[in-house]
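Below is one structure, written out as structure tokens; comments come after it.
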There are 2 protein chains.
Amino acid sequence: MTLPRIAVDAMGGDEGVRTMVDGAAMARRAHDKFKFLLVGDETRIKRALETHPGMSGASEILHCDDVISGDEQPSRAIRRAKTTSMGLAVNAVKNGDAGAAVSAGNTGALMAMSKLALRTMPGIDRPALAAIMPTLEPHDVVMLDLGANTEADARNLVQFAVMGAAYSRIVTGFEKPVVRLLNIGTEEIKGTDALRDAAARLTEATSGEGSGLAMDFAGFVESDKINRGETHVVVTDGFSGNIALKAIEGSARFVTDLLRQAFTSSLRSKIGFLVSRPATELLRHHLDPNNHNGAVFLGLNGVVVKSHGSANDKGVAQAVNVAARLLEDNLTQRISDDLAELGEATLRTNGKAAGESEPGAAA
Amino acid sequence: MTLPRIAVDAMGGDEGVRTMVDGAAMARRAHDKFKFLLVGDETRIKRALETHPGMSGASEILHCDDVISGDEQPSRAIRRAKTTSMGLAVNAVKNGDAGAAVSAGNTGALMAMSKLALRTMPGIDRPALAAIMPTLEPHDVVMLDLGANTEADARNLVQFAVMGAAYSRIVTGFEKPVVRLLNIGTEEIKGTDALRDAAARLTEATSGEGSGLAMDFAGFVESDKINRGETHVVVTDGFSGNIALKAIEGSARFVTDLLRQAFTSSLRSKIGFLVSRPATELLRHHLDPNNHNGAVFLGLNGVVVKSHGSANDKGVAQAVNVAARLLEDNLTQRISDDLAELGEATLRTNGKAAGESEPGAAA
């Protein structure tokens, strides 16, 4: 089959058009079958393309003058969906001109535009924002929701688990990712009603004989274990997920800031730093957010990837790579299949409650 | 005035009786006017006291055989309040035999016992668990609630802010600590209704002319900024607070684990590590949880300090120090005064809504 194009909002990032185009070109080296729709100021895009002849031949430019600013209210932004680079990139997915959109712009605006243009897929009540983070193991961990929904009920959390597992399978290659719900303790009685209810539903859906649901649900995880590598998918509501994600980022920066202070505090420590530099460079590489760039809005009729506003070309390439892999592996279809399986598994083990309340019923 | 005694649950910690007694003795060096009630196995406590003659003279032993275990359900533990070292330490505060209790035992059980025995102070609906964490600045940050209440409404959050500010004044010395509510964005429209409502109430109470409320309320803070040092008190519900605290701890450990891997990955990096050791020791000291040990249950009629289960003698000393300082500076009275001030400030600026809904009214 012909692979769908990837629409890139060339204007959204803090680092400018060139970084977006350089990043897309870098991603294309690993995914050379993909074609691109570059949305934004034609003159600047053309100038950026001059250094990438291969990319130039694989790209179409969709010109527009208008840009969504970083601090713009989502409710205002959606009114300019037809005139802005972000809006046009998302609309290209809606119209079938592209299979995925990548933007480094305003997250709230991108979420609002994507929901409005692409709608949630059958069987999903609410989309979720998922990101990948490094762990002590070679594989990354997927966490969702990170802020698309301030609150989530048990049914939402179950759907997030299905979507997160599908995403994890594609990015990590594990056939049955270990899924856990984020909680403030691991005992069954801990947390909110929604968490306990979601845990019961997921246990039921994954433990039934013959369950083909492609996840290993393993109960609760506390936020100090997110990066240990024992969990492939951490599921939570958008408020807690956002708190956890930013606390992890802030704490990592706090420690590395202290480390920098420590290493520059004396001549001796500076020398020690220079000697051990190759080792600390590995650490820096492991923690560099550009290597884990590309948050995904899951649950929509189409793939939308959010690149970090301050991502460099390598970060943008990473986000475009994520979009390419999700298209190659047909994320949306995988989620559909899993929702159907979830519905069947629940029906098998507990016919009574499943019919009306399980998301799979609608898929 | 005579300072009240500090009751120490000598049995609760993972490190045993000796660590608890050594820690209390260490704390006594800075607070030599304090006397102690050591609760637990008399033989073991006496043996531990042999190396601390000064401490021995300042201590009474309250013998008991029973101990609350680390994994015991709070609902079960409270039935043994009269026979266990934890229960007797808390009851000593209730009976006036001590002004504060320090325990390194099961947090849930300690919370349940403390609530039951000491009750919440007038004007406080729910107690909160507060901890101190390091920042990039020389002062620590206070965060609460960390898990005493899974949910919190606006009124609870306002009360937490008052209690956290009183605690921060005592441990940091700032007369008007900067207080912020933990949220997933800093714009006024972000977060839950409870957060927005609490922000409005705190703005009102601190911005009125002549407000004597001893805090500088500065809106919302995101969890990546908790450790920057720009906020002295971070206020949140117990679920989000627990998620944020553990995410910060886990992420700091993740980075230091990676660092250890990096430093031991080659001979060259090992040499670099040895050379820069004095600097990394400073970092280790700054991050050592023992230097920030001592979480406090705020809002009760008495001071209860939770020492980390795995704290060493230095950590226990830190927790006992916290108890001593809270007694010296009369935390409970400070909170009462501030609640009264909160009520007055709110009445001054907005007579209409304040009368029935402000916690200060009852103080």
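Going through the structure tokens in order, the chains are called A, B, and so on, while each chain numbers its residues from 1 and the ligands are numbered from 1 in the order shown.
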Could you produce a table of the residues of chain A lying within 7 Å of chain B, with the nearest pair of atoms per residue and their separation in Å rounded to one decimal, using only C-alpha atoms, ordered by chain and increasing residue number, as a Markdown table?
```
| residue | atom | partner | partner_atom | distance |
| --- | --- | --- | --- | --- |
| A:Thr150 | CA | B:Gly191 | CA | 6.8 |
| A:Ile184 | CA | B:Asn242 | CA | 6.2 |
| A:Gly191 | CA | B:Thr150 | CA | 6.8 |
| A:Ser223 | CA | B:Ala247 | CA | 4.7 |
| A:Asp224 | CA | B:Gly250 | CA | 3.8 |
| A:Lys225 | CA | B:Gly250 | CA | 6.3 |
| A:Asn227 | CA | B:Phe254 | CA | 6.8 |
| A:Phe239 | CA | B:Ile184 | CA | 6.5 |
| A:Ser240 | CA | B:Ser240 | CA | 6.0 |
| A:Asn242 | CA | B:Ile184 | CA | 6.1 |
| A:Ile243 | CA | B:Ser223 | CA | 5.6 |
| A:Ala244 | CA | B:Ala244 | CA | 5.6 |
| A:Lys246 | CA | B:Asp224 | CA | 4.6 |
| A:Ala247 | CA | B:Ser223 | CA | 4.7 |
| A:Ile248 | CA | B:Ser251 | CA | 5.2 |
| A:Glu249 | CA | B:Asp224 | CA | 6.1 |
| A:Gly250 | CA | B:Asp224 | CA | 3.8 |
| A:Ser251 | CA | B:Ile248 | CA | 5.2 |
| A:Ala252 | CA | B:Ser251 | CA | 5.8 |
| A:Phe254 | CA | B:Asn227 | CA | 6.8 |
| A:Val255 | CA | B:Ala252 | CA | 6.2 |
| A:Leu258 | CA | B:Leu283 | CA | 6.4 |
| A:Leu259 | CA | B:Leu283 | CA | 6.5 |
| A:Ala262 | CA | B:Ala279 | CA | 4.8 |
| A:Phe263 | CA | B:Ala279 | CA | 6.1 |
| A:Ser265 | CA | B:Ala279 | CA | 7.0 |
| A:Arg268 | CA | B:Ser276 | CA | 6.2 |
| A:Ser269 | CA | B:Ser276 | CA | 4.1 |
| A:Gly272 | CA | B:Gly272 | CA | 4.3 |
| A:Phe273 | CA | B:Gly272 | CA | 6.2 |
| A:Val275 | CA | B:Gly272 | CA | 4.8 |
| A:Ser276 | CA | B:Ser269 | CA | 4.1 |
| A:Ala279 | CA | B:Ala262 | CA | 4.8 |
| A:Thr280 | CA | B:Ala262 | CA | 6.2 |
| A:Leu282 | CA | B:Ala262 | CA | 6.9 |
| A:Leu283 | CA | B:Leu258 | CA | 6.4 |
```
Dump as an mmCIF file, in the first residue's frame, selection limited to N, CA and C atoms:
```
data_model
loop_
_atom_site.group_PDB
_atom_site.id
_atom_site.type_symbol
_atom_site.label_atom_id
_atom_site.label_comp_id
_atom_site.auth_asym_id
_atom_site.auth_seq_id
_atom_site.Cartn_x
_atom_site.Cartn_y
_atom_site.Cartn_z
ATOM 1 N N THR A 150 -8.769 16.728 32.479
ATOM 2 C CA THR A 150 -8.428 16.993 33.876
ATOM 3 C C THR A 150 -8.905 15.855 34.767
ATOM 4 N N ILE A 184 -1.470 6.134 44.552
ATOM 5 C CA ILE A 184 -0.635 6.571 45.678
ATOM 6 C C ILE A 184 -0.290 5.407 46.608
ATOM 7 N N GLY A 191 -6.426 4.751 46.698
ATOM 8 C CA GLY A 191 -6.803 5.632 45.608
ATOM 9 C C GLY A 191 -8.273 5.937 45.492
ATOM 10 N N SER A 223 4.383 6.736 41.759
ATOM 11 C CA SER A 223 5.094 7.584 40.800
ATOM 12 C C SER A 223 6.611 7.531 40.955
ATOM 13 N N ASP A 224 7.119 6.980 42.070
ATOM 14 C CA ASP A 224 8.582 6.847 42.165
ATOM 15 C C ASP A 224 9.113 5.663 41.369
ATOM 16 N N LYS A 225 8.202 4.835 40.815
ATOM 17 C CA LYS A 225 8.622 3.642 40.066
ATOM 18 C C LYS A 225 8.431 3.801 38.548
ATOM 19 N N ASN A 227 10.022 5.292 36.258
ATOM 20 C CA ASN A 227 11.225 5.181 35.430
ATOM 21 C C ASN A 227 12.061 3.938 35.702
ATOM 22 N N PHE A 239 -4.739 15.191 34.977
ATOM 23 C CA PHE A 239 -4.211 16.057 36.032
ATOM 24 C C PHE A 239 -3.009 15.383 36.699
ATOM 25 N N SER A 240 -3.205 14.165 37.190
ATOM 26 C CA SER A 240 -2.116 13.444 37.861
ATOM 27 C C SER A 240 -0.964 13.163 36.904
ATOM 28 N N ASN A 242 -0.034 14.914 34.290
ATOM 29 C CA ASN A 242 0.706 16.147 34.063
ATOM 30 C C ASN A 242 1.593 16.476 35.260
ATOM 31 N N ILE A 243 1.022 16.296 36.469
ATOM 32 C CA ILE A 243 1.792 16.535 37.702
ATOM 33 C C ILE A 243 3.008 15.601 37.746
ATOM 34 N N ALA A 244 2.783 14.322 37.452
ATOM 35 C CA ALA A 244 3.875 13.338 37.529
ATOM 36 C C ALA A 244 4.944 13.629 36.478
ATOM 37 N N LYS A 246 5.709 16.426 34.863
ATOM 38 C CA LYS A 246 6.486 17.646 35.114
ATOM 39 C C LYS A 246 7.334 17.514 36.375
ATOM 40 N N ALA A 247 6.852 16.770 37.372
ATOM 41 C CA ALA A 247 7.665 16.554 38.570
ATOM 42 C C ALA A 247 8.924 15.765 38.209
ATOM 43 N N ILE A 248 8.764 14.768 37.335
ATOM 44 C CA ILE A 248 9.913 13.975 36.897
ATOM 45 C C ILE A 248 10.902 14.847 36.130
ATOM 46 N N GLU A 249 10.380 15.649 35.204
ATOM 47 C CA GLU A 249 11.253 16.534 34.420
ATOM 48 C C GLU A 249 11.961 17.547 35.322
ATOM 49 N N GLY A 250 11.176 18.147 36.242
ATOM 50 C CA GLY A 250 11.743 19.167 37.122
ATOM 51 C C GLY A 250 12.791 18.597 38.057
ATOM 52 N N SER A 251 12.535 17.404 38.563
ATOM 53 C CA SER A 251 13.465 16.781 39.495
ATOM 54 C C SER A 251 14.757 16.379 38.784
ATOM 55 N N ALA A 252 14.625 15.864 37.557
ATOM 56 C CA ALA A 252 15.825 15.500 36.790
ATOM 57 C C ALA A 252 16.663 16.745 36.524
ATOM 58 N N PHE A 254 16.613 19.472 38.339
ATOM 59 C CA PHE A 254 17.126 19.893 39.642
ATOM 60 C C PHE A 254 18.439 19.169 39.971
ATOM 61 N N VAL A 255 18.425 17.853 39.794
ATOM 62 C CA VAL A 255 19.633 17.075 40.109
ATOM 63 C C VAL A 255 20.774 17.438 39.163
ATOM 64 N N LEU A 258 22.199 20.761 40.181
ATOM 65 C CA LEU A 258 23.059 20.606 41.355
ATOM 66 C C LEU A 258 24.406 20.002 40.953
ATOM 67 N N LEU A 259 24.326 19.049 40.033
ATOM 68 C CA LEU A 259 25.537 18.386 39.563
ATOM 69 C C LEU A 259 26.454 19.382 38.865
ATOM 70 N N ALA A 262 28.036 21.439 41.409
ATOM 71 C CA ALA A 262 29.068 20.673 42.106
ATOM 72 C C ALA A 262 30.341 20.592 41.270
ATOM 73 N N PHE A 263 30.160 20.329 39.966
ATOM 74 C CA PHE A 263 31.326 20.138 39.104
ATOM 75 C C PHE A 263 32.074 21.437 38.828
ATOM 76 N N SER A 265 32.375 23.826 41.138
ATOM 77 C CA SER A 265 32.606 24.477 42.427
ATOM 78 C C SER A 265 34.090 24.614 42.768
ATOM 79 N N ARG A 268 39.508 21.325 41.180
ATOM 80 C CA ARG A 268 39.613 19.869 41.255
ATOM 81 C C ARG A 268 38.388 19.186 40.644
ATOM 82 N N SER A 269 37.207 19.706 41.008
ATOM 83 C CA SER A 269 36.002 19.057 40.486
ATOM 84 C C SER A 269 35.861 19.308 38.987
ATOM 85 N N GLY A 272 37.965 16.724 37.430
ATOM 86 C CA GLY A 272 37.257 15.445 37.531
ATOM 87 C C GLY A 272 36.174 15.343 36.476
ATOM 88 N N PHE A 273 35.481 16.454 36.266
ATOM 89 C CA PHE A 273 34.407 16.464 35.271
ATOM 90 C C PHE A 273 34.964 16.191 33.883
ATOM 91 N N VAL A 275 37.680 14.668 33.060
ATOM 92 C CA VAL A 275 38.148 13.284 32.931
ATOM 93 C C VAL A 275 36.968 12.342 32.692
ATOM 94 N N SER A 276 35.880 12.582 33.435
ATOM 95 C CA SER A 276 34.752 11.643 33.329
ATOM 96 C C SER A 276 33.747 12.068 32.271
ATOM 97 N N ALA A 279 31.582 9.666 30.152
ATOM 98 C CA ALA A 279 30.520 9.005 30.920
ATOM 99 C C ALA A 279 29.341 9.947 31.133
ATOM 100 N N THR A 280 29.618 11.193 31.506
ATOM 101 C CA THR A 280 28.508 12.114 31.750
ATOM 102 C C THR A 280 27.804 12.495 30.447
ATOM 103 N N LEU A 282 27.129 10.333 28.143
ATOM 104 C CA LEU A 282 26.151 9.251 27.992
ATOM 105 C C LEU A 282 24.896 9.555 28.805
ATOM 106 N N LEU A 283 25.119 10.054 30.023
ATOM 107 C CA LEU A 283 24.008 10.419 30.891
ATOM 108 C C LEU A 283 23.189 11.535 30.233
#
```
Selection near Arg334 (chain B), 9 Å with only C-alpha atoms, sequence-local residues under 3 positions removed, as an MDAnalysis selection string
chainID B and resid 163 166:167 329:331 337:339
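Relative to CA of Asn290 (chain A), CA of Ala81 (chain A) is found at 27.7 Å.
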Backbone-only DSSP, strand (DSSP E or B) members of region 101-325 of chain A, as a PDB file with N, CA and C atoms, in the first residue's frame:
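See out_29.pdb below for the written result:
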```pdb
ATOM      1  N   ALA A 101      -0.273  14.419  11.400  1.00  0.00           N
ATOM      2  CA  ALA A 101       0.188  15.799  11.509  1.00  0.00           C
ATOM      3  C   ALA A 101       1.184  15.890  12.645  1.00  0.00           C
ATOM      4  N   VAL A 102       2.246  16.668  12.423  1.00  0.00           N
ATOM      5  CA  VAL A 102       3.242  16.916  13.471  1.00  0.00           C
ATOM      6  C   VAL A 102       3.314  18.429  13.678  1.00  0.00           C
ATOM      7  N   SER A 103       3.180  18.868  14.934  1.00  0.00           N
ATOM      8  CA  SER A 103       3.286  20.295  15.226  1.00  0.00           C
ATOM      9  C   SER A 103       4.067  20.507  16.511  1.00  0.00           C
ATOM     10  N   THR A 120     -13.190  11.719  17.940  1.00  0.00           N
ATOM     11  CA  THR A 120     -12.676  10.499  18.568  1.00  0.00           C
ATOM     12  C   THR A 120     -13.095   9.277  17.758  1.00  0.00           C
ATOM     13  N   ALA A 128      -6.542  10.984  24.572  1.00  0.00           N
ATOM     14  CA  ALA A 128      -5.563  11.195  25.639  1.00  0.00           C
ATOM     15  C   ALA A 128      -4.227  11.577  25.016  1.00  0.00           C
ATOM     16  N   LEU A 129      -3.449  12.322  25.786  1.00  0.00           N
ATOM     17  CA  LEU A 129      -2.112  12.717  25.344  1.00  0.00           C
ATOM     18  C   LEU A 129      -1.097  11.765  25.974  1.00  0.00           C
ATOM     19  N   ALA A 130      -0.315  11.096  25.129  1.00  0.00           N
ATOM     20  CA  ALA A 130       0.647  10.109  25.624  1.00  0.00           C
ATOM     21  C   ALA A 130       2.066  10.528  25.276  1.00  0.00           C
ATOM     22  N   ALA A 131       2.997  10.321  26.206  1.00  0.00           N
ATOM     23  CA  ALA A 131       4.404  10.620  25.926  1.00  0.00           C
ATOM     24  C   ALA A 131       5.268   9.436  26.309  1.00  0.00           C
ATOM     25  N   ILE A 132       6.481   9.426  25.811  1.00  0.00           N
ATOM     26  CA  ILE A 132       7.429   8.387  26.188  1.00  0.00           C
ATOM     27  C   ILE A 132       8.551   9.007  27.014  1.00  0.00           C
ATOM     28  N   MET A 133       8.981   8.246  28.008  1.00  0.00           N
ATOM     29  CA  MET A 133      10.048   8.710  28.901  1.00  0.00           C
ATOM     30  C   MET A 133      11.096   7.622  29.036  1.00  0.00           C
ATOM     31  N   VAL A 141       9.138   4.113  28.631  1.00  0.00           N
ATOM     32  CA  VAL A 141       7.821   3.884  29.210  1.00  0.00           C
ATOM     33  C   VAL A 141       6.842   4.887  28.586  1.00  0.00           C
ATOM     34  N   VAL A 142       5.637   4.420  28.288  1.00  0.00           N
ATOM     35  CA  VAL A 142       4.570   5.281  27.770  1.00  0.00           C
ATOM     36  C   VAL A 142       3.720   5.739  28.950  1.00  0.00           C
ATOM     37  N   MET A 143       3.424   7.022  29.049  1.00  0.00           N
ATOM     38  CA  MET A 143       2.506   7.486  30.093  1.00  0.00           C
ATOM     39  C   MET A 143       1.391   8.298  29.451  1.00  0.00           C
ATOM     40  N   LEU A 144       0.157   8.049  29.910  1.00  0.00           N
ATOM     41  CA  LEU A 144      -0.998   8.808  29.448  1.00  0.00           C
ATOM     42  C   LEU A 144      -2.086   8.778  30.520  1.00  0.00           C
ATOM     43  N   VAL A 178       3.489  -4.428  29.847  1.00  0.00           N
ATOM     44  CA  VAL A 178       3.027  -4.399  31.234  1.00  0.00           C
ATOM     45  C   VAL A 178       2.374  -3.043  31.494  1.00  0.00           C
ATOM     46  N   VAL A 179       1.082  -3.076  31.824  1.00  0.00           N
ATOM     47  CA  VAL A 179       0.301  -1.859  32.023  1.00  0.00           C
ATOM     48  C   VAL A 179      -0.028  -1.725  33.507  1.00  0.00           C
ATOM     49  N   ARG A 180       0.187  -0.521  34.060  1.00  0.00           N
ATOM     50  CA  ARG A 180      -0.217  -0.272  35.446  1.00  0.00           C
ATOM     51  C   ARG A 180      -0.922   1.078  35.556  1.00  0.00           C
ATOM     52  N   LEU A 181      -1.804   1.165  36.536  1.00  0.00           N
ATOM     53  CA  LEU A 181      -2.495   2.419  36.826  1.00  0.00           C
ATOM     54  C   LEU A 181      -1.707   3.197  37.872  1.00  0.00           C
ATOM     55  N   LEU A 182      -1.502   4.478  37.653  1.00  0.00           N
ATOM     56  CA  LEU A 182      -0.777   5.319  38.609  1.00  0.00           C
ATOM     57  C   LEU A 182      -1.645   5.548  39.843  1.00  0.00           C
ATOM     58  N   ASP A 216      -0.456  -6.899  29.574  1.00  0.00           N
ATOM     59  CA  ASP A 216      -0.330  -7.625  30.836  1.00  0.00           C
ATOM     60  C   ASP A 216      -0.655  -6.612  31.929  1.00  0.00           C
ATOM     61  N   PHE A 217      -1.887  -6.620  32.412  1.00  0.00           N
ATOM     62  CA  PHE A 217      -2.259  -5.643  33.432  1.00  0.00           C
ATOM     63  C   PHE A 217      -1.718  -6.097  34.782  1.00  0.00           C
ATOM     64  N   ALA A 218      -0.973  -5.218  35.444  1.00  0.00           N
ATOM     65  CA  ALA A 218      -0.251  -5.617  36.663  1.00  0.00           C
ATOM     66  C   ALA A 218      -0.586  -4.736  37.862  1.00  0.00           C
ATOM     67  N   GLY A 219      -1.785  -4.143  37.869  1.00  0.00           N
ATOM     68  CA  GLY A 219      -2.217  -3.406  39.063  1.00  0.00           C
ATOM     69  C   GLY A 219      -1.732  -1.968  39.098  1.00  0.00           C
ATOM     70  N   PHE A 220      -1.378  -1.539  40.291  1.00  0.00           N
ATOM     71  CA  PHE A 220      -1.019  -0.127  40.488  1.00  0.00           C
ATOM     72  C   PHE A 220       0.491   0.086  40.506  1.00  0.00           C
ATOM     73  N   VAL A 221       0.897   1.301  40.170  1.00  0.00           N
ATOM     74  CA  VAL A 221       2.298   1.701  40.293  1.00  0.00           C
ATOM     75  C   VAL A 221       2.333   3.073  40.960  1.00  0.00           C
ATOM     76  N   VAL A 233       3.554   0.759  30.353  1.00  0.00           N
ATOM     77  CA  VAL A 233       2.516   1.763  30.152  1.00  0.00           C
ATOM     78  C   VAL A 233       1.969   2.200  31.507  1.00  0.00           C
ATOM     79  N   VAL A 234       2.048   3.480  31.813  1.00  0.00           N
ATOM     80  CA  VAL A 234       1.498   4.041  33.045  1.00  0.00           C
ATOM     81  C   VAL A 234       0.242   4.831  32.679  1.00  0.00           C
ATOM     82  N   VAL A 235      -0.892   4.413  33.251  1.00  0.00           N
ATOM     83  CA  VAL A 235      -2.183   5.001  32.901  1.00  0.00           C
ATOM     84  C   VAL A 235      -2.684   5.869  34.049  1.00  0.00           C
ATOM     85  N   ALA A 295       4.943  13.609  21.711  1.00  0.00           N
ATOM     86  CA  ALA A 295       3.767  13.146  22.446  1.00  0.00           C
ATOM     87  C   ALA A 295       2.654  12.941  21.426  1.00  0.00           C
ATOM     88  N   VAL A 296       1.805  11.956  21.668  1.00  0.00           N
ATOM     89  CA  VAL A 296       0.794  11.593  20.676  1.00  0.00           C
ATOM     90  C   VAL A 296      -0.600  11.778  21.260  1.00  0.00           C
ATOM     91  N   PHE A 297      -1.507  12.375  20.477  1.00  0.00           N
ATOM     92  CA  PHE A 297      -2.918  12.403  20.846  1.00  0.00           C
ATOM     93  C   PHE A 297      -3.526  11.091  20.392  1.00  0.00           C
ATOM     94  N   LEU A 298      -3.836  10.238  21.344  1.00  0.00           N
ATOM     95  CA  LEU A 298      -4.381   8.918  21.007  1.00  0.00           C
ATOM     96  C   LEU A 298      -5.904   8.941  21.058  1.00  0.00           C
ATOM     97  N   LEU A 300      -7.961   9.476  18.318  1.00  0.00           N
ATOM     98  CA  LEU A 300      -8.600  10.273  17.267  1.00  0.00           C
ATOM     99  C   LEU A 300      -8.590   9.491  15.948  1.00  0.00           C
ATOM    100  N   VAL A 303      -3.554  10.422  13.165  1.00  0.00           N
ATOM    101  CA  VAL A 303      -2.413  10.526  14.074  1.00  0.00           C
ATOM    102  C   VAL A 303      -1.981  11.986  14.181  1.00  0.00           C
ATOM    103  N   VAL A 304      -1.902  12.493  15.410  1.00  0.00           N
ATOM    104  CA  VAL A 304      -1.383  13.841  15.645  1.00  0.00           C
ATOM    105  C   VAL A 304      -0.271  13.752  16.676  1.00  0.00           C
ATOM    106  N   VAL A 305       0.896  14.247  16.298  1.00  0.00           N
ATOM    107  CA  VAL A 305       2.063  14.183  17.186  1.00  0.00           C
ATOM    108  C   VAL A 305       2.473  15.599  17.566  1.00  0.00           C
ATOM    109  N   LYS A 306       2.658  15.799  18.869  1.00  0.00           N
ATOM    110  CA  LYS A 306       3.099  17.089  19.389  1.00  0.00           C
ATOM    111  C   LYS A 306       4.595  17.025  19.654  1.00  0.00           C
TER     112      LYS A 306
END
```
Could you jot down the CA of Val67 (chain B) to CA of Ala10 (chain B) separation for me, Å, one decimal place?
9.8 Å
Please run DSSP on the backbone and report, as number ranges by chain, all residues within region 227-274 of chain A that come out as helix (DSSP H, G or I).
A: 227-228, 238-263, 267-274
Could you tell me how far CA of Leu202 (chain B) sits from CA of Thr186 (chain B), in Å to one decimal place?
15.2 Å
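Distances from A:Ile6, A:Ala200, A:Glu42, A:Ile78 to Ala27 (chain A) were compared using only C-alpha atoms, and the smallest one belongs to A:Ile6.
Closest approach to Glu328 (chain B) among B:Pro4, B:Gly108, B:Pro177, B:Gly40 is made by B:Pro4 (distances from only C-alpha atoms).
Between Gln333 (chain A) and the candidates A:Gly302, A:Gly16, A:Asn321, A:Ser168, the tightest atom-to-atom separation, counting only C-alpha atoms, involves A:Gly302.
Between Ser207 (chain B) and the candidates B:Ser75, B:Ile124, B:Leu342, B:Ile335, the tightest atom-to-atom separation, counting only C-alpha atoms, involves B:Leu342.
Residue nearest Ala214 (chain A), chosen from A:Val320, A:Ala340, A:Met113, A:Leu88 and counting only C-alpha atoms: A:Ala340.
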